[in-house]
Protein chains: 2
Amino acid sequence: MLEQRIRHRGLQAKMMTAEEAQSWIKDGMTIGVSGFTKSGDAKAVLQALARRVERSGETLRINLYSGASLGETDGILVEHQLIARRLPYQSDASLRKRINRGEVTYVDQHLSHTAELLRSGCLGEMDLAIIEATAITEDGGIIPTTSVGNSPIFVQRAKHVIVELNTEIPEAFEGLHDIYLPEDRPHRAPIPIRNVRDRIGTPYIPCSPDKIIGIVPSKCKDTPSSIVPADAETQRMAEYILDFFQHEIRRGRLPKNLLPLQSGVGSVSNAVLSGLAASPIGDLEIYTEVMQDAVFDLFDAGKVVFASSSSLTLSERMTEHVMRNIHRYRDKIVLRPQEISNHPEVVRRLGIIAMNTALEVDIYGNVNSTHVGGTQMMNGIGGSGDFARNAALTIFVTKSVAKDGRISCVVPFVTHVDHTEHDVDVLVTEQGIADLRGLSPRERAVEIIKNLAHPMYRDALMDYFRRASAHGGQTPHLLAEALSWHQRFMETGDMREAESLVPVM
Amino acid sequence: MLEQRIRHRGLQAKMMTAEEAQSWIKDGMTIGVSGFTKSGDAKAVLQALARRVERSGETLRINLYSGASLGETDGILVEHQLIARRLPYQSDASLRKRINRGEVTYVDQHLSHTAELLRSGCLGEMDLAIIEATAITEDGGIIPTTSVGNSPIFVQRAKHVIVELNTEIPEAFEGLHDIYLPEDRPHRAPIPIRNVRDRIGTPYIPCSPDKIIGIVPSKCKDTPSSIVPADAETQRMAEYILDFFQHEIRRGRLPKNLLPLQSGVGSVSNAVLSGLAASPIGDLEIYTEVMQDAVFDLFDAGKVVFASSSSLTLSERMTEHVMRNIHRYRDKIVLRPQEISNHPEVVRRLGIIAMNTALEVDIYGNVNSTHVGGTQMMNGIGGSGDFARNAALTIFVTKSVAKDGRISCVVPFVTHVDHTEHDVDVLVTEQGIADLRGLSPRERAVEIIKNLAHPMYRDALMDYFRRASAHGGQTPHLLAEALSWHQRFMETGDMREAESLVPVM
């Protein structure tokens with residue numbers, strides 16, 4: 001069985017346990033690991049490393065580079081003080097806490113940028129790559145599992161590679177992946193993707209067998225994704241978007257089957273996709289970084305013709321379903337390196353419809369998707385910036401209020417800007433939808449306040465906007481008040497002024 | 001002479017005066033005009049329109065779309081209250097004043113986005129295009145003059161076209177331009193540019209002769225560009241960048257002839273290019289939106305092998321030189337639509353080095369390049385965002401202080417974000433240079449404060465950063481103080497606190 005999955009004869013001798021493999025890891029190393037939004041992440045060796053330091057009590061810290069977030073391993077590593085530096089994305093609660101305490105250095109990057117920075121030599125040398133694999137080909141090529149992420153560039157750049165051979169992954173996963181890396185500049189060719197279904201590379205990550213120093217058999221499962229079921233408000237937001245799509249089709253501004261969809265991780269995006277299952281729109285294409293449960297529901301409803309992403313991030317139930325029925329899906333999906341799934345060239349060419357989640361938006365349409373109060377990191381910018389600037393249509397969603405109404409997610413001035421007004425076409429809250437395309441900041445403000453703000457904050461926002469506008473300007477602000485709502489929340493636990501406190505509607 | 005320039009026989013009958021042509025313009029029309037940073041702009045017909053309303057006293061307002069800024073015509077139009085709506089860029093003082101008063105609606109756009117928005121139908125219908133031309137081909141094709149800008153998409157989308165045939169432009173300009181527009185989605189092909197010199201389209205803007213309703217002979221000159229000569233500080237900033245290039249070449253992170261250069265309009269960019277004339281670096285390539293004087297100085301010094309842009313924006317002296325010697329340059333330059341000169345696909349593929357100017361930067365590397373005090377618009381974001389996010393290396397420059405030291409251009413929190421920390425690799429002031437690649441926000445802050453801030457603001461910035469960091473966070477801020485420097489300036493005319501007031505060094 002294992003021999004069948006290690007088709008390069010010479011490499012069969014490199015089998016070892018996770019305990020043996022982890023001994024390659026030394027203090028100060030820079031290590032690139034497979035894994036993208038909890039999928040296909042290296043698990044066995046890193047967890048064995050955590051057990052080692054627990055036993056030995058030694059101080060050991062690594063620079064950990066990945067595709068995006070790992071599963072429970074991120075938390076295990078940080079609890080053992082193993083991470084000095086982390087990039088380009090994370091979503092673990094205890095890791096987040098250490099980052100915000102300044103104990104872990106976190107470099108938040110556009111997910112398509114990391115490979116370029118490594119290639120240009122600006123992120124230093126990579127000592128080791130640890131890659132979860134389904135199998136190893138006759139030539140040493142590594143067949144990934146449930147994600148591709150940054151594994152191809154890590155394998156290319158790292159001095160040594162350890163493979164975690166996960167025998168729980170069906171062998172039928174071979175053929176799902178399409179590995180293509182742009183050439184070094186200045187001799188780079190166009191990325192020849194003209195359709196979401198185009199395969200342009202190899203089904204394995206090319207790797208010189210000499211580079212592989214260990215192969216660790218593993219049966220670790222991906223940490224299942226936990227999708228919050230859509231509540232009534234989420235459902236309403238999804239409906240606004242679905243109505244908007246229909247409206248754009250009627251106006252001739254979108255094709256009948258839309259354009260390829262990107263949807264960030266989150267319950268609204270998931271609800272939109274679920275909503276499409278019941279809508280008259282069909283023949284959908286997906287070009288995204290993460291396929292969530294809803295994509296497979298759409299396949300099963302006959303609504304999607306093809307889906308491309310960098311990972312499968314599924315619930316426990318859906319993982320089982322997909323693993324068991326992989327033969328039904330394998331000619332309709334492709335997993336790509338995140339540099340390609342998120343590449344501005346392809347995003348712009350295909351004309352993606354990008355749907356992502358905001359923490360807060362301001363009255364001019366700037367979006368904060370990462371920092372609470374401008375200071376505390378949530379998860380990171382992820383791929384949202386790769387898609388938002390280059391998509392044909394960029395949508396951000398957020399509920400209009402949080403914390404039972406004590407926070408307005410529509411504010412005079414966002415405390416951190418991840419996406420500027422230039423990159424934000426449409427905003428959606430449970431209150432409504434605002435189509436901001438072609439509007440000036442003052443025009444945007446009226447649409448945003450009127451359509452998106454919660455009624456209990458609407459008057460205060462309009463009052464701010466009117467008073468600011470009285471002083472003129474393209475993007476009128478009163479600097480003394482711009483951040484006062486956030487300050488008030490920090491002081492009183494509520495963005496509302498005391499006299500305006502009314503129960504949530 | 002004129003017949004030679006109108007090679008389509010049927011069109012010769014459509015010659016008319018600017019006075020006749022302007023009568024096509026009606027109140028409320030949306031008009032797309034040629035012109036990019038004061039070059040190749042439609043002048044005769046719009047100025048005749050201004051004379052008409054001056055005579056008649058009528059109220060007439062148009063939506064004016066262009067490539068980028070027009071020359072003096074923008075000012076003439078706005079002085080006659082002719083502009084209701086303007087996009088995607090402007091740089092005229094009186095237009096800016098009306099925009100900031102809210103009298104002209106200005107939609108500030110990434111320069112590569114306008115064509116896509118028009119194509120998708122989100123900017124409404126275009127009634128008329130007015131395009132300055134060198135000649136008209138046998139088939140009605142329009143050969144542009146000193147810029148291409150958005151003219152191809154305007155010609156494609158407008159119901160009617162008026163051509164301003166500028167006989168002052170040498171006929172040898174024919175062949176300079178390379179007109180290529182991406183197909184409508186979902187059938188779009190890769191843009192086949194693999195090298196700055198690649199020609200992928202036609203030397204003229206395809207146009208059905210029926211669309212052309214008038215041809216106006218013109219001898220109007222472009223408004224010459226006025227480049228502020230480099231002062232000692234500008235010179236120093238250029239030297240930091242040149243040293244940095246050499247350093248990167250030695251480290252093997254940049255090729256010996258660099259990567260294709262983009263430089264925004266501004267004296268620092270111009271000084272960097274001038275500095276390259278005296279440096280050992282040669283065989284340079286330029287892939288930019290605007291060629292300024294320095295590009296031709298570099299040609300004359302034998303330093304540049306090829307330059308691609310969307311316009312020639314030259315001083316009076318250099319205009320004369322280039323016009324007289326166009327035969328020497330014409331096989332070394334190409335003028336492209338701004339959608340192509342700024343296209344994320346090409347910018348990323350070629351690995352552009354992007355140099356642009358900031359108004360202010362914050363301690364975490366976010367850049368404001370458009371809004372004074374977060375409110376008052378200067379010129380617009382222009383192409384900086386097209387390049388910054390997708391370039392191989394993104395540099396922003398600003399002097400460390402303005403207004404004799406009363407303003408620090410390094411601040412705790414920028415009042416407007418055009419470029420986020422993720423898109424800003426290197427920052428330069430006359431104080432020094434900060435290489436921010438691969439650094440976390442807290443690490444960036446130390447580099448920025450130490451290397452870039454003016455000494456008289458350095459301690460205050462470090463004090464802010466330290467006190468903010470004490471409360472934790474990925475990007476530590478004290479919201480009550482974040483914008484206080486700007487508030488202080490508005491109240492006292494000086495960002496410095498009274499007790500710290502010392503003379504400028």
# chains A, B, ... in the order shown; residues from 1 in each chain; ligands from 1

call {"tool": "closest_atom_pairs", "arguments": {"of": "chain A", "to": "chain B", "cutoff": "6 Å", "atoms": "only C-alpha atoms", "output": "Markdown table"}}
result
| residue | atom | partner | partner_atom | distance |
| --- | --- | --- | --- | --- |
| A:Asn100 | CA | B:Gly473 | CA | 4.0 |
| A:Arg101 | CA | B:Gly472 | CA | 5.0 |
| A:Tyr106 | CA | B:Ser440 | CA | 5.8 |
| A:Val107 | CA | B:Ser440 | CA | 4.6 |
| A:Ser120 | CA | B:Arg253 | CA | 5.7 |
| A:Leu123 | CA | B:Gly438 | CA | 5.8 |
| A:Arg253 | CA | B:Ser120 | CA | 5.7 |
| A:Glu345 | CA | B:Glu345 | CA | 4.1 |
| A:Thr375 | CA | B:Thr475 | CA | 4.7 |
| A:Gln376 | CA | B:Gly473 | CA | 4.5 |
| A:Met377 | CA | B:Gln474 | CA | 5.5 |
| A:Gly438 | CA | B:Leu123 | CA | 5.9 |
| A:Ser440 | CA | B:Val107 | CA | 4.6 |
| A:Gly472 | CA | B:Arg101 | CA | 5.0 |
| A:Gly473 | CA | B:Asn100 | CA | 4.0 |
| A:Gln474 | CA | B:Asn100 | CA | 5.0 |
| A:Thr475 | CA | B:Thr375 | CA | 4.7 |
| A:Pro476 | CA | B:Thr375 | CA | 4.8 |
| A:His477 | CA | B:Thr375 | CA | 5.7 |

call {"tool": "write_last_selection", "arguments": {"atoms": "N, CA, C and O atoms", "output": "compact mmCIF listing (two decimals), in the first residue's frame"}}
result
# COMPACT_ATOMS: atom_id res chain seq x y z
N ASN A 100 -1.18 39.53 18.74
CA ASN A 100 -1.60 40.83 19.24
C ASN A 100 -0.85 41.25 20.50
O ASN A 100 -0.75 42.43 20.79
N ARG A 101 -0.32 40.27 21.20
CA ARG A 101 0.53 40.61 22.34
C ARG A 101 1.95 40.97 21.89
O ARG A 101 2.80 41.33 22.71
N TYR A 106 3.96 38.59 13.01
CA TYR A 106 3.08 38.14 11.94
C TYR A 106 3.17 39.10 10.76
O TYR A 106 2.96 40.30 10.91
N VAL A 107 3.52 38.55 9.61
CA VAL A 107 3.60 39.36 8.40
C VAL A 107 2.41 38.98 7.53
O VAL A 107 2.35 37.90 6.95
N SER A 120 12.03 36.40 -5.26
CA SER A 120 12.95 37.53 -5.42
C SER A 120 14.01 37.54 -4.33
O SER A 120 14.90 38.39 -4.34
N LEU A 123 12.53 37.19 1.27
CA LEU A 123 12.11 36.56 2.53
C LEU A 123 13.19 35.63 3.06
O LEU A 123 12.94 34.80 3.92
N ARG A 253 -25.41 43.52 -18.15
CA ARG A 253 -24.08 43.82 -17.60
C ARG A 253 -23.37 42.59 -17.05
O ARG A 253 -22.22 42.66 -16.70
N GLU A 345 -3.41 38.54 -12.96
CA GLU A 345 -3.56 38.35 -14.40
C GLU A 345 -4.81 37.54 -14.73
O GLU A 345 -5.60 37.93 -15.59
N THR A 375 -6.20 48.13 15.52
CA THR A 375 -5.01 47.67 16.25
C THR A 375 -4.90 46.15 16.34
O THR A 375 -3.85 45.58 16.06
N GLN A 376 -6.00 45.51 16.75
CA GLN A 376 -5.98 44.07 17.01
C GLN A 376 -6.28 43.28 15.74
O GLN A 376 -7.35 43.40 15.16
N MET A 377 -5.33 42.44 15.34
CA MET A 377 -5.48 41.62 14.14
C MET A 377 -6.51 40.52 14.35
O MET A 377 -6.49 39.84 15.38
N GLY A 438 -18.86 53.88 -10.25
CA GLY A 438 -18.96 55.14 -10.98
C GLY A 438 -19.40 56.32 -10.14
O GLY A 438 -19.69 57.39 -10.68
N SER A 440 -18.87 59.20 -7.04
CA SER A 440 -17.87 59.96 -6.29
C SER A 440 -18.04 59.68 -4.81
O SER A 440 -19.08 59.17 -4.38
N GLY A 472 -16.48 71.34 2.85
CA GLY A 472 -15.92 71.05 1.53
C GLY A 472 -15.04 69.83 1.52
O GLY A 472 -14.88 69.13 2.51
N GLY A 473 -14.47 69.59 0.33
CA GLY A 473 -13.58 68.46 0.17
C GLY A 473 -14.17 67.37 -0.70
O GLY A 473 -15.39 67.24 -0.82
N GLN A 474 -13.28 66.60 -1.32
CA GLN A 474 -13.69 65.46 -2.15
C GLN A 474 -14.23 64.35 -1.26
O GLN A 474 -15.16 63.66 -1.63
N THR A 475 -13.60 64.16 -0.10
CA THR A 475 -13.96 63.09 0.83
C THR A 475 -14.06 63.75 2.20
O THR A 475 -13.15 63.67 3.02
N PRO A 476 -15.17 64.43 2.44
CA PRO A 476 -15.24 65.30 3.62
C PRO A 476 -15.13 64.54 4.94
O PRO A 476 -15.83 63.54 5.15
N HIS A 477 -14.24 65.02 5.79
CA HIS A 477 -14.08 64.43 7.12
C HIS A 477 -13.89 65.53 8.16
O HIS A 477 -13.38 66.61 7.85

call {"tool": "select_by_dssp", "arguments": {"residues": "segment 94-221 of chain A", "states": "strand (DSSP E or B)", "output": "MDAnalysis selection string"}}
result
chainID A and resid 105:106 128:133 135:136 142:143 147 149 160:166 177 179 202 205 212:218

call {"tool": "atom_distance", "arguments": {"atom1": "atom CA of Leu165 of chain A", "atom2": "atom CA of Ala133 of chain A"}}
result
4.9 Å

call {"tool": "atom_distance", "arguments": {"atom1": "atom CA of Thr288 of chain A", "atom2": "atom CA of Val334 of chain A"}}
result
10.6 Å

call {"tool": "closest_residue", "arguments": {"among": "B:Ser267, B:Thr429, B:Thr134, B:Ser34", "to": "Pro217 of chain B", "atoms": "only C-alpha atoms"}}
result
B:Thr134

call {"tool": "residues_around", "arguments": {"residues": "segment 237-240 of chain A", "least_positions_apart": "3", "cutoff": "6 Å", "atoms": "only C-alpha atoms", "output": "ChimeraX atom specification"}}
result
/A:234,243,271-272,429-430

call {"tool": "write_last_selection", "arguments": {"atoms": "N, CA and C atoms", "output": "short mmCIF file (atom, residue, chain, number, x, y, z; two decimals), in the first residue's frame"}}
result
data_model
loop_
_atom_site.label_atom_id
_atom_site.label_comp_id
_atom_site.auth_asym_id
_atom_site.auth_seq_id
_atom_site.Cartn_x
_atom_site.Cartn_y
_atom_site.Cartn_z
N THR A 234 -28.05 36.95 7.55
CA THR A 234 -27.14 36.45 6.53
C THR A 234 -27.92 36.07 5.29
N ASP A 243 -30.52 38.93 -5.99
CA ASP A 243 -31.37 39.86 -6.75
C ASP A 243 -30.52 40.78 -7.62
N ALA A 271 -23.82 31.37 2.01
CA ALA A 271 -25.27 31.51 1.82
C ALA A 271 -25.60 31.96 0.39
N VAL A 272 -24.76 32.80 -0.18
CA VAL A 272 -24.99 33.23 -1.57
C VAL A 272 -24.90 32.02 -2.48
N THR A 429 -25.23 44.96 3.49
CA THR A 429 -25.52 44.58 4.87
C THR A 429 -26.92 43.97 4.88
N GLU A 430 -27.39 43.56 6.05
CA GLU A 430 -28.76 43.02 6.12
C GLU A 430 -29.79 44.13 5.88
#

call {"tool": "atom_distance", "arguments": {"atom1": "atom CA of Ile130 of chain A", "atom2": "atom CA of Gly201 of chain A"}}
result
21.6 Å

call {"tool": "residues_around", "arguments": {"residues": "Phe173 of chain B", "least_positions_apart": "3", "cutoff": "10 Å", "atoms": "only C-alpha atoms", "output": "MDAnalysis selection string"}}
result
chainID B and resid 133:135 143:146 169:170 176:177 203 323 326:327 330

call {"tool": "write_last_selection", "arguments": {"atoms": "N, CA, C and O atoms", "output": "CSV table (one decimal), in the first residue's frame"}}
result
chain,number,residue,atom,x,y,z
B,133,ALA,N,-5.7,63.7,-33.4
B,133,ALA,CA,-5.1,62.7,-34.3
B,133,ALA,C,-4.0,63.4,-35.1
B,133,ALA,O,-4.0,64.6,-35.4
B,134,THR,N,-3.1,62.5,-35.5
B,134,THR,CA,-2.0,62.9,-36.4
B,134,THR,C,-2.5,62.7,-37.8
B,134,THR,O,-2.2,63.5,-38.7
B,135,ALA,N,-3.3,61.6,-38.0
B,135,ALA,CA,-3.8,61.3,-39.4
B,135,ALA,C,-5.0,60.4,-39.3
B,135,ALA,O,-5.2,59.8,-38.2
B,143,ILE,N,-5.0,57.8,-36.0
B,143,ILE,CA,-3.7,57.8,-35.5
B,143,ILE,C,-3.5,58.8,-34.4
B,143,ILE,O,-3.6,60.0,-34.8
B,144,PRO,N,-3.3,58.5,-33.2
B,144,PRO,CA,-3.2,59.5,-32.1
B,144,PRO,C,-2.0,60.4,-32.2
B,144,PRO,O,-1.2,60.2,-33.2
B,145,THR,N,-1.9,61.3,-31.3
B,145,THR,CA,-0.7,62.2,-31.3
B,145,THR,C,0.2,61.8,-30.2
B,145,THR,O,0.8,60.8,-30.2
B,146,THR,N,0.3,62.7,-29.2
B,146,THR,CA,1.3,62.5,-28.1
B,146,THR,C,0.9,61.6,-26.9
B,146,THR,O,1.6,61.4,-26.0
B,169,ILE,N,1.8,68.1,-35.4
B,169,ILE,CA,2.4,66.8,-35.1
B,169,ILE,C,3.1,66.2,-36.3
B,169,ILE,O,2.4,66.1,-37.3
B,170,PRO,N,4.3,65.9,-36.2
B,170,PRO,CA,5.0,65.3,-37.4
B,170,PRO,C,4.3,64.1,-37.9
B,170,PRO,O,3.8,63.3,-37.1
B,176,LEU,N,4.2,55.1,-34.1
B,176,LEU,CA,4.6,55.1,-32.7
B,176,LEU,C,3.6,54.3,-31.8
B,176,LEU,O,4.0,53.8,-30.7
B,177,HIS,N,2.4,54.3,-32.2
B,177,HIS,CA,1.3,53.8,-31.3
B,177,HIS,C,1.1,52.3,-31.5
B,177,HIS,O,1.2,51.8,-32.6
B,203,PRO,N,-1.3,50.2,-35.5
B,203,PRO,CA,-0.8,51.6,-35.2
B,203,PRO,C,-1.8,52.7,-35.2
B,203,PRO,O,-1.5,53.8,-35.1
B,323,MET,N,10.2,66.3,-31.3
B,323,MET,CA,9.5,66.5,-32.5
B,323,MET,C,10.5,66.6,-33.7
B,323,MET,O,10.3,66.0,-34.8
B,326,ILE,N,12.2,62.9,-34.1
B,326,ILE,CA,11.4,61.8,-33.8
B,326,ILE,C,11.9,60.5,-34.6
B,326,ILE,O,11.8,59.4,-34.1
B,327,HIS,N,12.6,60.8,-35.7
B,327,HIS,CA,13.1,59.6,-36.4
B,327,HIS,C,14.1,58.8,-35.6
B,327,HIS,O,14.3,57.6,-35.8
B,330,ARG,N,11.8,56.8,-32.9
B,330,ARG,CA,10.6,56.1,-33.1
B,330,ARG,C,10.6,54.6,-33.1
B,330,ARG,O,9.6,53.9,-32.8

call {"tool": "select_by_dssp", "arguments": {"residues": "segment 78-308 of chain B", "states": "helix (DSSP H, G or I)", "output": "PyMOL selection string"}}
result
chain B and resi 78-79+93-101+114-119+151-157+171-173+209-211+232-250+267-277+293-300

call {"tool": "residues_around", "arguments": {"residues": "segment 274-277 of chain B", "least_positions_apart": "4", "cutoff": "10 Å", "atoms": "only C-alpha atoms", "output": "PyMOL selection string"}}
result
chain B and resi 230+235+238-239+241-242+268-270+281-282+284+293-304

call {"tool": "write_last_selection", "arguments": {"atoms": "N, CA and C atoms", "output": "mmCIF file, in the first residue's frame"}}
result
data_model
loop_
_atom_site.group_PDB
_atom_site.id
_atom_site.type_symbol
_atom_site.label_atom_id
_atom_site.label_comp_id
_atom_site.auth_asym_id
_atom_site.auth_seq_id
_atom_site.Cartn_x
_atom_site.Cartn_y
_atom_site.Cartn_z
ATOM 1 N N ALA B 230 15.266 69.484 -9.661
ATOM 2 C CA ALA B 230 15.562 68.781 -8.423
ATOM 3 C C ALA B 230 16.329 69.692 -7.469
ATOM 4 N N GLN B 235 17.460 65.458 -4.837
ATOM 5 C CA GLN B 235 18.665 64.807 -5.344
ATOM 6 C C GLN B 235 19.106 63.684 -4.399
ATOM 7 N N ALA B 238 16.904 60.667 -4.721
ATOM 8 C CA ALA B 238 17.253 59.921 -5.936
ATOM 9 C C ALA B 238 18.493 59.081 -5.684
ATOM 10 N N GLU B 239 19.471 59.665 -4.962
ATOM 11 C CA GLU B 239 20.708 58.917 -4.692
ATOM 12 C C GLU B 239 20.448 57.684 -3.814
ATOM 13 N N ILE B 241 17.812 55.918 -3.789
ATOM 14 C CA ILE B 241 17.181 54.894 -4.641
ATOM 15 C C ILE B 241 18.222 54.254 -5.551
ATOM 16 N N LEU B 242 19.111 55.087 -6.105
ATOM 17 C CA LEU B 242 20.151 54.543 -6.993
ATOM 18 C C LEU B 242 21.087 53.609 -6.219
ATOM 19 N N VAL B 268 11.089 63.793 -8.061
ATOM 20 C CA VAL B 268 11.991 62.749 -7.566
ATOM 21 C C VAL B 268 12.175 61.654 -8.612
ATOM 22 N N SER B 269 11.057 61.193 -9.157
ATOM 23 C CA SER B 269 11.144 60.170 -10.196
ATOM 24 C C SER B 269 12.023 60.667 -11.328
ATOM 25 N N ASN B 270 11.812 61.904 -11.712
ATOM 26 C CA ASN B 270 12.616 62.493 -12.783
ATOM 27 C C ASN B 270 14.096 62.513 -12.384
ATOM 28 N N ILE B 281 24.663 51.635 -14.225
ATOM 29 C CA ILE B 281 23.573 50.758 -14.691
ATOM 30 C C ILE B 281 23.152 51.173 -16.100
ATOM 31 N N GLY B 282 23.038 50.205 -16.990
ATOM 32 C CA GLY B 282 22.650 50.532 -18.360
ATOM 33 C C GLY B 282 21.637 49.553 -18.909
ATOM 34 N N LEU B 284 18.664 49.957 -19.807
ATOM 35 C CA LEU B 284 17.404 50.074 -19.065
ATOM 36 C C LEU B 284 16.198 49.931 -19.982
ATOM 37 N N ASP B 293 10.734 64.174 -19.621
ATOM 38 C CA ASP B 293 11.996 64.604 -20.244
ATOM 39 C C ASP B 293 13.148 63.630 -19.994
ATOM 40 N N ALA B 294 13.256 63.174 -18.747
ATOM 41 C CA ALA B 294 14.428 62.389 -18.365
ATOM 42 C C ALA B 294 14.583 61.125 -19.200
ATOM 43 N N VAL B 295 13.467 60.581 -19.678
ATOM 44 C CA VAL B 295 13.555 59.366 -20.495
ATOM 45 C C VAL B 295 14.360 59.662 -21.763
ATOM 46 N N PHE B 296 14.132 60.835 -22.325
ATOM 47 C CA PHE B 296 14.849 61.155 -23.565
ATOM 48 C C PHE B 296 16.304 61.522 -23.284
ATOM 49 N N ASP B 297 16.554 62.126 -22.116
ATOM 50 C CA ASP B 297 17.953 62.338 -21.720
ATOM 51 C C ASP B 297 18.667 60.997 -21.600
ATOM 52 N N LEU B 298 17.954 60.005 -21.057
ATOM 53 C CA LEU B 298 18.547 58.670 -20.917
ATOM 54 C C LEU B 298 18.769 58.014 -22.276
ATOM 55 N N PHE B 299 17.845 58.226 -23.193
ATOM 56 C CA PHE B 299 18.059 57.731 -24.563
ATOM 57 C C PHE B 299 19.337 58.354 -25.132
ATOM 58 N N ASP B 300 19.434 59.688 -24.954
ATOM 59 C CA ASP B 300 20.569 60.395 -25.549
ATOM 60 C C ASP B 300 21.883 59.965 -24.898
ATOM 61 N N ALA B 301 21.808 59.530 -23.624
ATOM 62 C CA ALA B 301 23.014 59.052 -22.937
ATOM 63 C C ALA B 301 23.276 57.572 -23.249
ATOM 64 N N GLY B 302 22.439 56.988 -24.099
ATOM 65 C CA GLY B 302 22.640 55.586 -24.467
ATOM 66 C C GLY B 302 22.313 54.608 -23.350
ATOM 67 N N LYS B 303 21.487 55.044 -22.397
ATOM 68 C CA LYS B 303 21.218 54.215 -21.220
ATOM 69 C C LYS B 303 19.943 53.386 -21.337
ATOM 70 N N VAL B 304 19.026 53.830 -22.183
ATOM 71 C CA VAL B 304 17.743 53.138 -22.288
ATOM 72 C C VAL B 304 17.661 52.426 -23.626
#

call {"tool": "closest_residue", "arguments": {"among": "A:Glu79, A:Asp127, A:Glu289, A:Asp92", "to": "Gly380 of chain A", "atoms": "only C-alpha atoms"}}
result
A:Asp92

call {"tool": "decode", "arguments": {"residues": "segment 478-490 of chain A", "atoms": "N, CA and C atoms", "output": "PDB file, in the first residue's frame"}}
result
ATOM      1  N   LEU A 478     -14.307  65.208   9.356  1.00  0.00           N
ATOM      2  CA  LEU A 478     -14.013  66.051  10.517  1.00  0.00           C
ATOM      3  C   LEU A 478     -13.019  65.251  11.347  1.00  0.00           C
ATOM      4  N   LEU A 479     -11.759  65.618  11.253  1.00  0.00           N
ATOM      5  CA  LEU A 479     -10.735  64.751  11.853  1.00  0.00           C
ATOM      6  C   LEU A 479     -10.913  64.570  13.352  1.00  0.00           C
ATOM      7  N   ALA A 480     -11.451  65.583  14.018  1.00  0.00           N
ATOM      8  CA  ALA A 480     -11.618  65.466  15.466  1.00  0.00           C
ATOM      9  C   ALA A 480     -12.681  64.427  15.823  1.00  0.00           C
ATOM     10  N   GLU A 481     -13.562  64.149  14.875  1.00  0.00           N
ATOM     11  CA  GLU A 481     -14.648  63.204  15.151  1.00  0.00           C
ATOM     12  C   GLU A 481     -14.499  61.878  14.423  1.00  0.00           C
ATOM     13  N   ALA A 482     -13.600  61.850  13.416  1.00  0.00           N
ATOM     14  CA  ALA A 482     -13.560  60.719  12.486  1.00  0.00           C
ATOM     15  C   ALA A 482     -13.486  59.377  13.217  1.00  0.00           C
ATOM     16  N   LEU A 483     -12.670  59.321  14.251  1.00  0.00           N
ATOM     17  CA  LEU A 483     -12.493  58.059  14.981  1.00  0.00           C
ATOM     18  C   LEU A 483     -13.220  58.048  16.321  1.00  0.00           C
ATOM     19  N   SER A 484     -14.072  59.047  16.530  1.00  0.00           N
ATOM     20  CA  SER A 484     -14.670  59.202  17.863  1.00  0.00           C
ATOM     21  C   SER A 484     -15.643  58.067  18.187  1.00  0.00           C
ATOM     22  N   TRP A 485     -16.253  57.483  17.164  1.00  0.00           N
ATOM     23  CA  TRP A 485     -17.182  56.396  17.447  1.00  0.00           C
ATOM     24  C   TRP A 485     -16.430  55.217  18.057  1.00  0.00           C
ATOM     25  N   HIS A 486     -15.252  54.928  17.496  1.00  0.00           N
ATOM     26  CA  HIS A 486     -14.447  53.823  18.027  1.00  0.00           C
ATOM     27  C   HIS A 486     -13.936  54.155  19.428  1.00  0.00           C
ATOM     28  N   GLN A 487     -13.543  55.416  19.624  1.00  0.00           N
ATOM     29  CA  GLN A 487     -13.078  55.820  20.952  1.00  0.00           C
ATOM     30  C   GLN A 487     -14.202  55.644  21.977  1.00  0.00           C
ATOM     31  N   ARG A 488     -15.391  56.061  21.578  1.00  0.00           N
ATOM     32  CA  ARG A 488     -16.519  55.958  22.505  1.00  0.00           C
ATOM     33  C   ARG A 488     -16.776  54.494  22.862  1.00  0.00           C
ATOM     34  N   PHE A 489     -16.682  53.631  21.870  1.00  0.00           N
ATOM     35  CA  PHE A 489     -16.884  52.209  22.154  1.00  0.00           C
ATOM     36  C   PHE A 489     -15.846  51.704  23.154  1.00  0.00           C
ATOM     37  N   MET A 490     -14.606  52.157  22.980  1.00  0.00           N
ATOM     38  CA  MET A 490     -13.562  51.691  23.883  1.00  0.00           C
ATOM     39  C   MET A 490     -13.770  52.221  25.294  1.00  0.00           C
TER      40      MET A 490
END
